[in-house]
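Raw target01.txt, compact mmCIF, C-alpha atoms:
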```
# COMPACT_ATOMS: atom_id res chain seq x y z
CA MET A 1 0.00 0.00 0.00
CA GLN A 2 2.69 2.37 1.06
CA SER A 3 4.79 1.43 -1.94
CA ARG A 4 1.87 1.93 -4.31
CA ARG A 5 1.18 5.37 -3.00
CA HIS A 6 4.74 6.36 -3.65
CA ALA A 7 4.79 4.67 -7.02
CA PRO A 8 6.45 6.68 -9.72
CA GLU A 9 3.64 6.43 -12.31
CA THR A 10 0.98 9.10 -11.69
CA GLU A 11 -1.74 7.16 -13.53
CA GLU A 12 -2.73 5.01 -10.49
CA THR A 13 -4.35 7.65 -8.34
CA GLY A 14 -7.79 5.97 -7.74
CA ILE A 15 -9.12 5.91 -4.17
CA ASP A 16 -8.46 2.77 -2.19
CA LEU A 17 -11.66 0.70 -2.20
CA ALA A 18 -10.62 -1.85 0.41
CA PRO A 19 -11.86 -0.08 3.61
CA MET A 20 -15.17 0.74 1.97
CA LEU A 21 -15.51 -2.87 0.90
CA ASP A 22 -14.80 -4.07 4.43
CA PHE A 23 -17.37 -1.71 5.84
CA THR A 24 -20.00 -2.61 3.27
CA THR A 25 -19.48 -6.31 3.85
CA ASN A 26 -19.88 -5.85 7.58
CA LEU A 27 -23.12 -3.95 7.05
CA LEU A 28 -24.29 -6.69 4.71
CA ILE A 29 -23.57 -9.42 7.23
CA PHE A 30 -25.33 -7.44 9.94
CA PHE A 31 -28.48 -7.06 7.88
CA ILE A 32 -28.45 -10.70 6.79
CA ILE A 33 -28.24 -11.81 10.39
CA THR A 34 -30.89 -9.48 11.76
CA THR A 35 -33.41 -9.98 8.99
CA SER A 36 -36.27 -12.23 9.95
CA PHE A 37 -38.94 -11.70 7.29
CA ILE A 38 -41.68 -10.54 9.60
CA LYS A 39 -45.12 -10.26 8.07
CA GLU A 40 -46.52 -7.13 9.57
CA ALA A 41 -50.22 -6.71 10.14
CA GLY A 42 -50.35 -3.25 8.62
CA THR A 43 -52.86 -1.55 10.83
CA VAL A 44 -52.76 0.21 14.15
CA VAL A 45 -54.61 -1.18 17.11
CA THR A 46 -54.66 -0.25 20.78
CA LYS A 47 -53.00 -3.17 22.46
CA PRO A 48 -53.89 -4.20 25.97
CA THR A 49 -51.17 -4.05 28.58
CA ALA A 50 -49.98 -6.95 30.68
CA GLU A 51 -47.25 -7.23 33.28
CA THR A 52 -46.28 -10.75 32.33
CA ALA A 53 -45.96 -10.17 28.57
CA PHE A 54 -42.70 -11.49 27.19
CA GLY A 55 -41.04 -11.21 23.81
CA ARG A 56 -40.86 -14.41 21.82
CA GLU A 57 -37.94 -14.79 19.44
CA SER A 58 -39.72 -16.05 16.38
CA GLY A 59 -43.15 -14.46 16.60
CA ASN A 60 -43.30 -13.17 13.08
CA LEU A 61 -46.73 -13.61 11.55
CA MET A 62 -48.84 -10.77 12.82
CA ILE A 63 -52.62 -10.91 12.72
CA ALA A 64 -54.32 -7.72 13.80
CA ILE A 65 -57.92 -7.60 14.96
CA ARG A 66 -59.37 -4.12 15.07
CA ASP A 67 -62.08 -2.96 17.46
CA ASN A 68 -64.74 -3.33 14.76
CA GLY A 69 -63.72 -6.93 14.08
CA ASP A 70 -61.67 -6.33 10.92
CA ILE A 71 -58.79 -8.77 10.47
CA TRP A 72 -55.52 -7.56 8.93
CA ILE A 73 -52.73 -9.84 7.76
CA ASP A 74 -49.67 -8.80 5.78
CA ARG A 75 -50.91 -5.24 5.25
CA LYS A 76 -54.21 -6.39 3.80
CA ARG A 77 -57.67 -6.64 5.26
CA VAL A 78 -58.93 -10.21 5.01
CA GLU A 79 -62.15 -12.02 5.77
CA MET A 80 -62.39 -14.64 8.48
CA ARG A 81 -62.75 -17.43 5.90
CA ASP A 82 -59.50 -16.35 4.21
CA VAL A 83 -57.44 -16.58 7.39
CA ARG A 84 -56.96 -20.32 7.22
CA PRO A 85 -55.77 -20.66 3.57
CA LEU A 86 -53.50 -17.66 4.02
CA MET A 87 -51.97 -19.11 7.16
CA GLU A 88 -51.59 -22.50 5.49
CA ARG A 89 -49.67 -20.91 2.64
CA LEU A 90 -47.42 -18.90 4.97
CA HIS A 91 -46.90 -21.96 7.14
CA ILE A 92 -45.70 -23.98 4.16
CA GLU A 93 -43.31 -21.19 3.16
CA ARG A 94 -41.70 -21.01 6.59
CA PRO A 95 -42.74 -23.89 8.82
CA ASP A 96 -41.25 -22.63 12.08
CA ASP A 97 -43.08 -19.34 12.10
CA THR A 98 -45.26 -18.53 15.05
CA VAL A 99 -48.30 -16.28 15.13
CA VAL A 100 -48.88 -13.17 17.20
CA ILE A 101 -52.49 -12.03 17.38
CA ILE A 102 -52.64 -8.30 17.94
CA ALA A 103 -56.15 -7.77 19.19
CA ASP A 104 -57.56 -4.39 20.03
CA LYS A 105 -58.51 -3.80 23.65
CA SER A 106 -62.16 -3.45 22.75
CA SER A 107 -62.38 -6.20 20.14
CA THR A 108 -64.55 -9.13 21.11
CA SER A 109 -63.24 -12.41 22.49
CA GLY A 110 -65.32 -14.35 20.00
CA VAL A 111 -63.37 -13.01 17.02
CA VAL A 112 -60.06 -13.69 18.80
CA ALA A 113 -61.12 -17.26 19.58
CA GLU A 114 -62.26 -17.82 15.99
CA VAL A 115 -58.96 -16.52 14.58
CA MET A 116 -57.03 -18.72 17.00
CA ASP A 117 -59.02 -21.74 15.84
CA GLU A 118 -58.41 -20.93 12.17
CA VAL A 119 -54.68 -20.51 12.78
CA ARG A 120 -54.50 -23.77 14.61
CA LEU A 121 -56.43 -25.58 11.91
CA ALA A 122 -53.87 -24.22 9.46
CA GLY A 123 -51.24 -26.16 11.39
CA ILE A 124 -49.59 -23.47 13.49
CA GLN A 125 -49.74 -24.51 17.12
CA ILE A 126 -47.76 -21.79 18.82
CA MET A 127 -49.45 -18.43 19.02
CA SER A 128 -49.69 -15.63 21.48
CA ILE A 129 -51.88 -12.61 22.09
CA ALA A 130 -49.91 -9.39 21.89
CA ALA A 131 -49.81 -7.11 24.88
CA ASP A 132 -47.68 -4.14 25.78
CA PRO A 133 -45.51 -4.79 28.79
CA ALA A 134 -46.84 -2.56 31.55
CA SER A 135 -44.35 0.09 32.52
CA MET B 1 -11.58 1.11 -15.88
CA ARG B 2 -10.52 -0.20 -19.23
CA LYS B 3 -7.77 2.29 -19.28
CA ARG B 4 -6.53 1.11 -15.92
CA ARG B 5 -6.65 -2.53 -16.92
CA ARG B 6 -4.62 -1.78 -19.97
CA ALA B 7 -2.18 0.10 -17.84
CA SER B 8 -1.98 -2.80 -15.41
CA GLY B 9 -1.40 -5.13 -18.29
CA ALA B 10 1.57 -3.08 -19.27
CA ASP B 11 3.47 -3.38 -16.00
CA GLN B 12 3.45 -6.91 -14.64
CA GLU B 13 3.12 -6.16 -10.92
CA GLN B 14 -0.54 -4.88 -11.05
CA THR B 15 -2.29 -8.21 -11.68
CA GLY B 16 -4.93 -8.15 -8.87
CA ILE B 17 -8.48 -9.31 -9.66
CA ASP B 18 -11.00 -6.64 -10.53
CA LEU B 19 -13.13 -5.96 -7.44
CA ALA B 20 -15.75 -3.80 -9.12
CA PRO B 21 -18.32 -6.52 -10.05
CA MET B 22 -18.11 -8.05 -6.60
CA LEU B 23 -18.56 -4.64 -5.06
CA ASP B 24 -21.64 -4.01 -7.21
CA PHE B 25 -23.09 -7.32 -6.20
CA VAL B 26 -22.41 -6.86 -2.51
CA THR B 27 -23.91 -3.39 -2.57
CA ASN B 28 -27.06 -4.71 -4.22
CA LEU B 29 -27.37 -7.42 -1.58
CA LEU B 30 -26.84 -4.82 1.10
CA ILE B 31 -29.57 -2.58 -0.25
CA PHE B 32 -31.94 -5.54 -0.48
CA PHE B 33 -31.39 -6.52 3.13
CA ILE B 34 -31.66 -2.94 4.36
CA ILE B 35 -35.00 -2.57 2.61
CA THR B 36 -36.43 -5.87 3.86
CA ALA B 37 -35.19 -5.49 7.42
CA VAL B 38 -38.02 -4.95 9.89
CA PHE B 39 -37.24 -4.37 13.49
CA VAL B 40 -40.51 -5.28 15.12
CA LYS B 41 -40.77 -7.41 18.17
CA GLU B 42 -44.12 -8.09 19.71
CA ALA B 43 -44.45 -9.06 23.32
CA GLY B 44 -47.34 -11.36 24.04
CA LEU B 45 -49.12 -13.81 26.28
CA GLU B 46 -49.63 -17.45 25.44
CA VAL B 47 -52.98 -19.10 25.93
CA ASN B 48 -54.19 -22.51 24.81
CA ARG B 49 -57.38 -23.31 23.02
CA PRO B 50 -59.18 -26.54 23.78
CA THR B 51 -59.06 -28.86 20.80
CA SER B 52 -62.38 -29.05 19.04
CA PHE B 53 -63.00 -32.70 19.90
CA GLU B 54 -62.48 -32.23 23.58
CA GLN B 55 -65.43 -30.80 25.47
CA PRO B 56 -64.65 -27.64 27.42
CA GLN B 57 -63.46 -29.67 30.36
CA GLU B 58 -66.68 -29.92 32.34
CA GLU B 59 -65.47 -33.22 33.76
CA ASP B 60 -62.14 -31.78 34.81
CA SER B 61 -63.22 -30.48 38.19
CA LYS B 62 -59.69 -29.54 39.10
CA SER B 63 -59.41 -26.68 36.68
CA ILE B 64 -60.17 -23.23 37.99
CA GLN B 65 -62.94 -21.60 35.98
CA ILE B 66 -63.04 -17.89 35.37
CA GLN B 67 -65.93 -16.44 33.43
CA ILE B 68 -65.90 -13.15 31.59
CA LEU B 69 -69.27 -11.66 30.72
CA GLU B 70 -69.87 -9.44 27.75
CA ASN B 71 -70.07 -6.34 29.93
CA GLY B 72 -66.59 -7.07 31.26
CA GLU B 73 -67.62 -8.57 34.59
CA ILE B 74 -65.38 -11.35 35.88
CA TRP B 75 -66.87 -14.29 37.74
CA VAL B 76 -64.80 -16.70 39.80
CA ASP B 77 -66.48 -19.34 41.94
CA ASN B 78 -69.98 -17.94 41.26
CA ARG B 79 -68.96 -14.54 42.54
CA ALA B 80 -68.36 -11.38 40.58
CA VAL B 81 -64.86 -10.17 41.38
CA ASP B 82 -62.75 -7.20 40.47
CA VAL B 83 -59.88 -7.74 38.04
CA ARG B 84 -57.39 -7.04 40.83
CA ALA B 85 -58.94 -9.79 42.98
CA VAL B 86 -58.43 -12.44 40.31
CA ARG B 87 -54.84 -12.96 41.32
CA ALA B 88 -55.69 -13.55 44.98
CA ASN B 89 -58.48 -15.96 44.04
CA VAL B 90 -56.21 -17.89 41.69
CA GLU B 91 -53.48 -18.08 44.32
CA ARG B 92 -55.91 -19.35 46.91
CA MET B 93 -57.35 -21.99 44.58
CA SER B 94 -53.97 -23.12 43.30
CA ALA B 95 -52.81 -23.56 46.88
CA VAL B 96 -55.63 -26.08 47.26
CA ASN B 97 -54.95 -27.72 43.89
CA PRO B 98 -51.32 -27.10 42.98
CA ASP B 99 -51.51 -28.73 39.54
CA ALA B 100 -54.79 -27.16 38.48
CA GLY B 101 -54.97 -25.26 35.22
CA VAL B 102 -57.15 -22.29 34.57
CA LEU B 103 -60.07 -22.33 32.16
CA ILE B 104 -61.22 -18.93 31.01
CA LEU B 105 -64.75 -18.98 29.66
CA ALA B 106 -65.42 -15.72 27.88
CA GLN B 107 -68.67 -14.77 26.28
CA ALA B 108 -68.26 -14.13 22.56
CA ARG B 109 -68.79 -10.40 22.95
CA ALA B 110 -66.54 -9.96 25.96
CA PRO B 111 -63.80 -7.37 25.36
CA THR B 112 -60.30 -8.69 24.66
CA GLY B 113 -58.78 -6.13 27.02
CA THR B 114 -60.51 -7.78 29.97
CA LEU B 115 -59.43 -11.18 28.72
CA VAL B 116 -55.78 -10.12 28.59
CA ASP B 117 -56.08 -8.53 32.04
CA VAL B 118 -57.40 -11.80 33.44
CA VAL B 119 -54.68 -13.84 31.70
CA ASP B 120 -52.09 -11.45 33.10
CA GLN B 121 -53.49 -11.76 36.63
CA VAL B 122 -53.55 -15.55 36.39
CA HIS B 123 -49.92 -15.53 35.25
CA LEU B 124 -49.10 -13.31 38.22
CA GLY B 125 -50.93 -15.81 40.41
CA GLY B 126 -48.40 -18.39 39.29
CA ILE B 127 -50.35 -20.51 36.79
CA GLN B 128 -49.04 -20.76 33.23
CA ASN B 129 -51.45 -23.41 31.97
CA ILE B 130 -54.35 -21.32 30.71
CA THR B 131 -57.06 -22.54 28.38
CA PHE B 132 -59.35 -20.06 26.71
CA SER B 133 -62.80 -20.92 25.50
CA THR B 134 -65.77 -18.89 24.40
CA THR B 135 -69.46 -19.34 25.03
CA GLN B 136 -72.37 -17.79 23.22
```
I'd like the structure from this file rewritten - as structure tokens, please.
Amino acid sequence: MQSRRHAPETEETGIDLAPMLDFTTNLLIFFIITTSFIKEAGTVVTKPTAETAFGRESGNLMIAIRDNGDIWIDRKRVEMRDVRPLMERLHIERPDDTVVIIADKSSTSGVVAEVMDEVRLAGIQIMSIAADPAS
Amino acid sequence: MRKRRRASGADQEQTGIDLAPMLDFVTNLLIFFIITAVFVKEAGLEVNRPTSFEQPQEEDSKSIQIQILENGEIWVDNRAVDVRAVRANVERMSAVNPDAGVLILAQARAPTGTLVDVVDQVHLGGIQNITFSTTQ
């Protein structure tokens, strides 16, 4: 490196790409490791709070239930009868995904129970109901 | 670039591989992963659902039943209790039956907020085995 910089020919005066390459590769590895392909629900609901809520590592299929009973999966509003085929498809794509049901505080338990049944019929056994940890 | 390669061809000591295509490729990968990265982590509570073939555990007298009515009232042991009293009730009943699970029977129109409050209180009372069922 030192010898190149002091090289007699003046033609080779490009910037040294090696540090940038190192940096970029590190960034790349970081993003590869942290990526987890989460399917976001795509709507905003008021989550209930719970003191015993805990973060699960692989909870990455979000199903939101709004206060009026609307169900949102993967940034789209879906009907109750579409939940099961959709979950089956996503379950085949990534079999170790788990489901997080983000239900609004004032949504009804019946809808939550129905969604849980549909998800389980689709073959996903592990699911949890989202809650904000109480502060 | 071509000019440089020709120049490097001229003197024999500059025969390193060309990094530019690899750099392009790595940068594209990087941009892809930056775009797809989502940093969301949901905290949640786990509850079981009874399997459809199994009746809602009427015969299992050991399980502690908590009912949630559609107006948000909570009933334990045929008494309406406050949400803060659920924990004490669960602790008392699990002291009698240490391996008892909890069955939460919510009416279909009961609010989810109350349900999560009850699940939270039962967890605080020391029972992790919670089954959630709905009634009409």
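The shortest atom-to-atom distance to chain A, with all atoms listed in the file taken into account, belongs to B:Thr134 out of B:Asn28, B:Thr134, B:Gln65, B:Asn78.
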Using all atoms listed in the file, tabulate the residues of chain B lying at most 9 Å from any atom of chain A, each with its closest atom pair and that distance in Å to one decimal, by chain and increasing residue number, as JSON lines.
```
{"residue": "B:Arg4", "atom": "CA", "partner": "A:Glu12", "partner_atom": "CA", "distance": 7.7}
{"residue": "B:Ala7", "atom": "CA", "partner": "A:Glu11", "partner_atom": "CA", "distance": 8.3}
{"residue": "B:Leu19", "atom": "CA", "partner": "A:Leu17", "partner_atom": "CA", "distance": 8.6}
{"residue": "B:Leu23", "atom": "CA", "partner": "A:Leu21", "partner_atom": "CA", "distance": 6.9}
{"residue": "B:Val26", "atom": "CA", "partner": "A:Thr25", "partner_atom": "CA", "distance": 7.0}
{"residue": "B:Thr27", "atom": "CA", "partner": "A:Thr24", "partner_atom": "CA", "distance": 7.1}
{"residue": "B:Leu29", "atom": "CA", "partner": "A:Leu28", "partner_atom": "CA", "distance": 7.0}
{"residue": "B:Leu30", "atom": "CA", "partner": "A:Leu28", "partner_atom": "CA", "distance": 4.8}
{"residue": "B:Ile31", "atom": "CA", "partner": "A:Leu28", "partner_atom": "CA", "distance": 8.3}
{"residue": "B:Phe33", "atom": "CA", "partner": "A:Phe31", "partner_atom": "CA", "distance": 5.6}
{"residue": "B:Ile34", "atom": "CA", "partner": "A:Phe31", "partner_atom": "CA", "distance": 6.3}
{"residue": "B:Thr36", "atom": "CA", "partner": "A:Phe37", "partner_atom": "CA", "distance": 7.2}
{"residue": "B:Ala37", "atom": "CA", "partner": "A:Thr35", "partner_atom": "CA", "distance": 5.1}
{"residue": "B:Val38", "atom": "CA", "partner": "A:Ile38", "partner_atom": "CA", "distance": 6.7}
{"residue": "B:Phe39", "atom": "CA", "partner": "A:Thr35", "partner_atom": "CA", "distance": 8.1}
{"residue": "B:Val40", "atom": "CA", "partner": "A:Ile38", "partner_atom": "CA", "distance": 7.7}
{"residue": "B:Lys41", "atom": "CA", "partner": "A:Gly55", "partner_atom": "CA", "distance": 6.8}
{"residue": "B:Glu42", "atom": "CA", "partner": "A:Gly55", "partner_atom": "CA", "distance": 6.0}
{"residue": "B:Ala43", "atom": "CA", "partner": "A:Gly55", "partner_atom": "CA", "distance": 4.1}
{"residue": "B:Gly44", "atom": "CA", "partner": "A:Ala130", "partner_atom": "CA", "distance": 3.9}
{"residue": "B:Leu45", "atom": "CA", "partner": "A:Ile129", "partner_atom": "CA", "distance": 5.2}
{"residue": "B:Glu46", "atom": "CA", "partner": "A:Ser128", "partner_atom": "CA", "distance": 4.4}
{"residue": "B:Val47", "atom": "CA", "partner": "A:Ser128", "partner_atom": "CA", "distance": 6.5}
{"residue": "B:Asn48", "atom": "CA", "partner": "A:Met127", "partner_atom": "CA", "distance": 8.5}
{"residue": "B:Arg49", "atom": "CA", "partner": "A:Asp117", "partner_atom": "CA", "distance": 7.5}
{"residue": "B:Thr51", "atom": "CA", "partner": "A:Asp117", "partner_atom": "CA", "distance": 8.7}
{"residue": "B:Ser52", "atom": "CA", "partner": "A:Asp117", "partner_atom": "CA", "distance": 8.7}
{"residue": "B:Glu70", "atom": "CA", "partner": "A:Thr108", "partner_atom": "CA", "distance": 8.5}
{"residue": "B:Ala106", "atom": "CA", "partner": "A:Ser109", "partner_atom": "CA", "distance": 6.7}
{"residue": "B:Gln107", "atom": "CA", "partner": "A:Ser109", "partner_atom": "CA", "distance": 7.0}
{"residue": "B:Ala108", "atom": "CA", "partner": "A:Gly110", "partner_atom": "CA", "distance": 3.9}
{"residue": "B:Arg109", "atom": "CA", "partner": "A:Thr108", "partner_atom": "CA", "distance": 4.8}
{"residue": "B:Ala110", "atom": "CA", "partner": "A:Thr108", "partner_atom": "CA", "distance": 5.3}
{"residue": "B:Pro111", "atom": "CA", "partner": "A:Thr108", "partner_atom": "CA", "distance": 4.7}
{"residue": "B:Thr112", "atom": "CA", "partner": "A:Ser109", "partner_atom": "CA", "distance": 5.2}
{"residue": "B:Gly113", "atom": "CA", "partner": "A:Lys105", "partner_atom": "CA", "distance": 4.1}
{"residue": "B:Thr114", "atom": "CA", "partner": "A:Lys105", "partner_atom": "CA", "distance": 7.7}
{"residue": "B:Leu115", "atom": "CA", "partner": "A:Ser109", "partner_atom": "CA", "distance": 7.4}
{"residue": "B:Val116", "atom": "CA", "partner": "A:Pro48", "partner_atom": "CA", "distance": 6.7}
{"residue": "B:Asp117", "atom": "CA", "partner": "A:Ala50", "partner_atom": "CA", "distance": 6.4}
{"residue": "B:Val119", "atom": "CA", "partner": "A:Ala50", "partner_atom": "CA", "distance": 8.4}
{"residue": "B:Asp120", "atom": "CA", "partner": "A:Ala50", "partner_atom": "CA", "distance": 5.5}
{"residue": "B:Gln121", "atom": "CA", "partner": "A:Glu51", "partner_atom": "CA", "distance": 8.4}
{"residue": "B:His123", "atom": "CA", "partner": "A:Thr52", "partner_atom": "CA", "distance": 6.7}
{"residue": "B:Leu124", "atom": "CA", "partner": "A:Thr52", "partner_atom": "CA", "distance": 7.0}
{"residue": "B:Phe132", "atom": "CA", "partner": "A:Ala113", "partner_atom": "CA", "distance": 7.9}
{"residue": "B:Ser133", "atom": "CA", "partner": "A:Ala113", "partner_atom": "CA", "distance": 7.2}
{"residue": "B:Thr134", "atom": "CA", "partner": "A:Gly110", "partner_atom": "CA", "distance": 6.3}
{"residue": "B:Thr135", "atom": "CA", "partner": "A:Gly110", "partner_atom": "CA", "distance": 8.2}
{"residue": "B:Gln136", "atom": "CA", "partner": "A:Gly110", "partner_atom": "CA", "distance": 8.5}
```
How would the residues just picked look written out with C-alpha atoms as a PDB file, in the frame of the given file?
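Wrote it out as again.pdb, contents follow:
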```pdb
ATOM      1  CA  ARG B   4      -6.530   1.110 -15.920  1.00  0.00           C
ATOM      2  CA  ALA B   7      -2.180   0.100 -17.840  1.00  0.00           C
ATOM      3  CA  LEU B  19     -13.130  -5.960  -7.440  1.00  0.00           C
ATOM      4  CA  LEU B  23     -18.560  -4.640  -5.060  1.00  0.00           C
ATOM      5  CA  VAL B  26     -22.410  -6.860  -2.510  1.00  0.00           C
ATOM      6  CA  THR B  27     -23.910  -3.390  -2.570  1.00  0.00           C
ATOM      7  CA  LEU B  29     -27.370  -7.420  -1.580  1.00  0.00           C
ATOM      8  CA  LEU B  30     -26.840  -4.820   1.100  1.00  0.00           C
ATOM      9  CA  ILE B  31     -29.570  -2.580  -0.250  1.00  0.00           C
ATOM     10  CA  PHE B  33     -31.390  -6.520   3.130  1.00  0.00           C
ATOM     11  CA  ILE B  34     -31.660  -2.940   4.360  1.00  0.00           C
ATOM     12  CA  THR B  36     -36.430  -5.870   3.860  1.00  0.00           C
ATOM     13  CA  ALA B  37     -35.190  -5.490   7.420  1.00  0.00           C
ATOM     14  CA  VAL B  38     -38.020  -4.950   9.890  1.00  0.00           C
ATOM     15  CA  PHE B  39     -37.240  -4.370  13.490  1.00  0.00           C
ATOM     16  CA  VAL B  40     -40.510  -5.280  15.120  1.00  0.00           C
ATOM     17  CA  LYS B  41     -40.770  -7.410  18.170  1.00  0.00           C
ATOM     18  CA  GLU B  42     -44.120  -8.090  19.710  1.00  0.00           C
ATOM     19  CA  ALA B  43     -44.450  -9.060  23.320  1.00  0.00           C
ATOM     20  CA  GLY B  44     -47.340 -11.360  24.040  1.00  0.00           C
ATOM     21  CA  LEU B  45     -49.120 -13.810  26.280  1.00  0.00           C
ATOM     22  CA  GLU B  46     -49.630 -17.450  25.440  1.00  0.00           C
ATOM     23  CA  VAL B  47     -52.980 -19.100  25.930  1.00  0.00           C
ATOM     24  CA  ASN B  48     -54.190 -22.510  24.810  1.00  0.00           C
ATOM     25  CA  ARG B  49     -57.380 -23.310  23.020  1.00  0.00           C
ATOM     26  CA  THR B  51     -59.060 -28.860  20.800  1.00  0.00           C
ATOM     27  CA  SER B  52     -62.380 -29.050  19.040  1.00  0.00           C
ATOM     28  CA  GLU B  70     -69.870  -9.440  27.750  1.00  0.00           C
ATOM     29  CA  ALA B 106     -65.420 -15.720  27.880  1.00  0.00           C
ATOM     30  CA  GLN B 107     -68.670 -14.770  26.280  1.00  0.00           C
ATOM     31  CA  ALA B 108     -68.260 -14.130  22.560  1.00  0.00           C
ATOM     32  CA  ARG B 109     -68.790 -10.400  22.950  1.00  0.00           C
ATOM     33  CA  ALA B 110     -66.540  -9.960  25.960  1.00  0.00           C
ATOM     34  CA  PRO B 111     -63.800  -7.370  25.360  1.00  0.00           C
ATOM     35  CA  THR B 112     -60.300  -8.690  24.660  1.00  0.00           C
ATOM     36  CA  GLY B 113     -58.780  -6.130  27.020  1.00  0.00           C
ATOM     37  CA  THR B 114     -60.510  -7.780  29.970  1.00  0.00           C
ATOM     38  CA  LEU B 115     -59.430 -11.180  28.720  1.00  0.00           C
ATOM     39  CA  VAL B 116     -55.780 -10.120  28.590  1.00  0.00           C
ATOM     40  CA  ASP B 117     -56.080  -8.530  32.040  1.00  0.00           C
ATOM     41  CA  VAL B 119     -54.680 -13.840  31.700  1.00  0.00           C
ATOM     42  CA  ASP B 120     -52.090 -11.450  33.100  1.00  0.00           C
ATOM     43  CA  GLN B 121     -53.490 -11.760  36.630  1.00  0.00           C
ATOM     44  CA  HIS B 123     -49.920 -15.530  35.250  1.00  0.00           C
ATOM     45  CA  LEU B 124     -49.100 -13.310  38.220  1.00  0.00           C
ATOM     46  CA  PHE B 132     -59.350 -20.060  26.710  1.00  0.00           C
ATOM     47  CA  SER B 133     -62.800 -20.920  25.500  1.00  0.00           C
ATOM     48  CA  THR B 134     -65.770 -18.890  24.400  1.00  0.00           C
ATOM     49  CA  THR B 135     -69.460 -19.340  25.030  1.00  0.00           C
ATOM     50  CA  GLN B 136     -72.370 -17.790  23.220  1.00  0.00           C
TER      51      GLN B 136
END
```
ask   = Expressed in Å to a single decimal, how great is the separation between CA of Val83 in chain A and CA of Gly69 in chain A?
value =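 Spanning CA of Val83 in chain A to CA of Gly69 in chain A is a straight-line distance of 13.3 Å.
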query = Ile66 in chain B: which residues within 12 Å, counting only C-alpha atoms, same-chain residues fewer than 4 positions away excluded, as number ranges by chain?
reply = B: 73-83, 85-87, 89-90, 93, 101-107, 114-115, 118-119, 121-122, 130-134
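Remark: for Asn97 in chain B, the closest of the candidate residues B:Gly125, B:Met22, B:Asn71, B:Ile64 is B:Ile64 (distances computed over all atoms listed in the file).
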Atom pair CA of Arg77 in chain A / CA of Ile35 in chain B: separation (Å) =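 Between CA of Arg77 in chain A and CA of Ile35 in chain B the gap is 23.2 Å.
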task = Measure the distance from CA of Val44 in chain A to CA of Ile71 in chain A in Å and round it to one decimal.
result = 11.4 Å
Using the atoms already present, construct N, CA and C atoms for range 116-128 of chain A and hand them back as a compact mmCIF listing (two decimals), in the coordinates of the input.
```txt
# COMPACT_ATOMS: atom_id res chain seq x y z
N MET A 116 -57.95 -17.74 16.42
CA MET A 116 -57.03 -18.72 17.00
C MET A 116 -57.34 -20.12 16.48
N ASP A 117 -58.63 -20.43 16.36
CA ASP A 117 -59.02 -21.74 15.84
C ASP A 117 -58.57 -21.90 14.39
N GLU A 118 -58.78 -20.85 13.59
CA GLU A 118 -58.41 -20.93 12.17
C GLU A 118 -56.90 -21.13 12.03
N VAL A 119 -56.14 -20.39 12.85
CA VAL A 119 -54.68 -20.51 12.78
C VAL A 119 -54.25 -21.90 13.17
N ARG A 120 -54.90 -22.44 14.19
CA ARG A 120 -54.50 -23.77 14.61
C ARG A 120 -54.89 -24.83 13.60
N LEU A 121 -56.03 -24.64 12.96
CA LEU A 121 -56.43 -25.58 11.91
C LEU A 121 -55.48 -25.51 10.73
N ALA A 122 -54.86 -24.35 10.53
CA ALA A 122 -53.87 -24.22 9.46
C ALA A 122 -52.56 -24.90 9.82
N GLY A 123 -52.42 -25.37 11.04
CA GLY A 123 -51.24 -26.16 11.39
C GLY A 123 -50.23 -25.42 12.24
N ILE A 124 -50.53 -24.20 12.65
CA ILE A 124 -49.59 -23.47 13.49
C ILE A 124 -50.08 -23.58 14.93
N GLN A 125 -49.29 -24.22 15.77
CA GLN A 125 -49.74 -24.51 17.12
C GLN A 125 -49.36 -23.42 18.11
N ILE A 126 -48.26 -22.76 17.84
CA ILE A 126 -47.76 -21.79 18.82
C ILE A 126 -48.23 -20.40 18.43
N MET A 127 -49.02 -19.80 19.29
CA MET A 127 -49.45 -18.43 19.02
C MET A 127 -49.59 -17.70 20.34
N SER A 128 -49.53 -16.40 20.27
CA SER A 128 -49.69 -15.63 21.48
C SER A 128 -50.52 -14.40 21.18
```
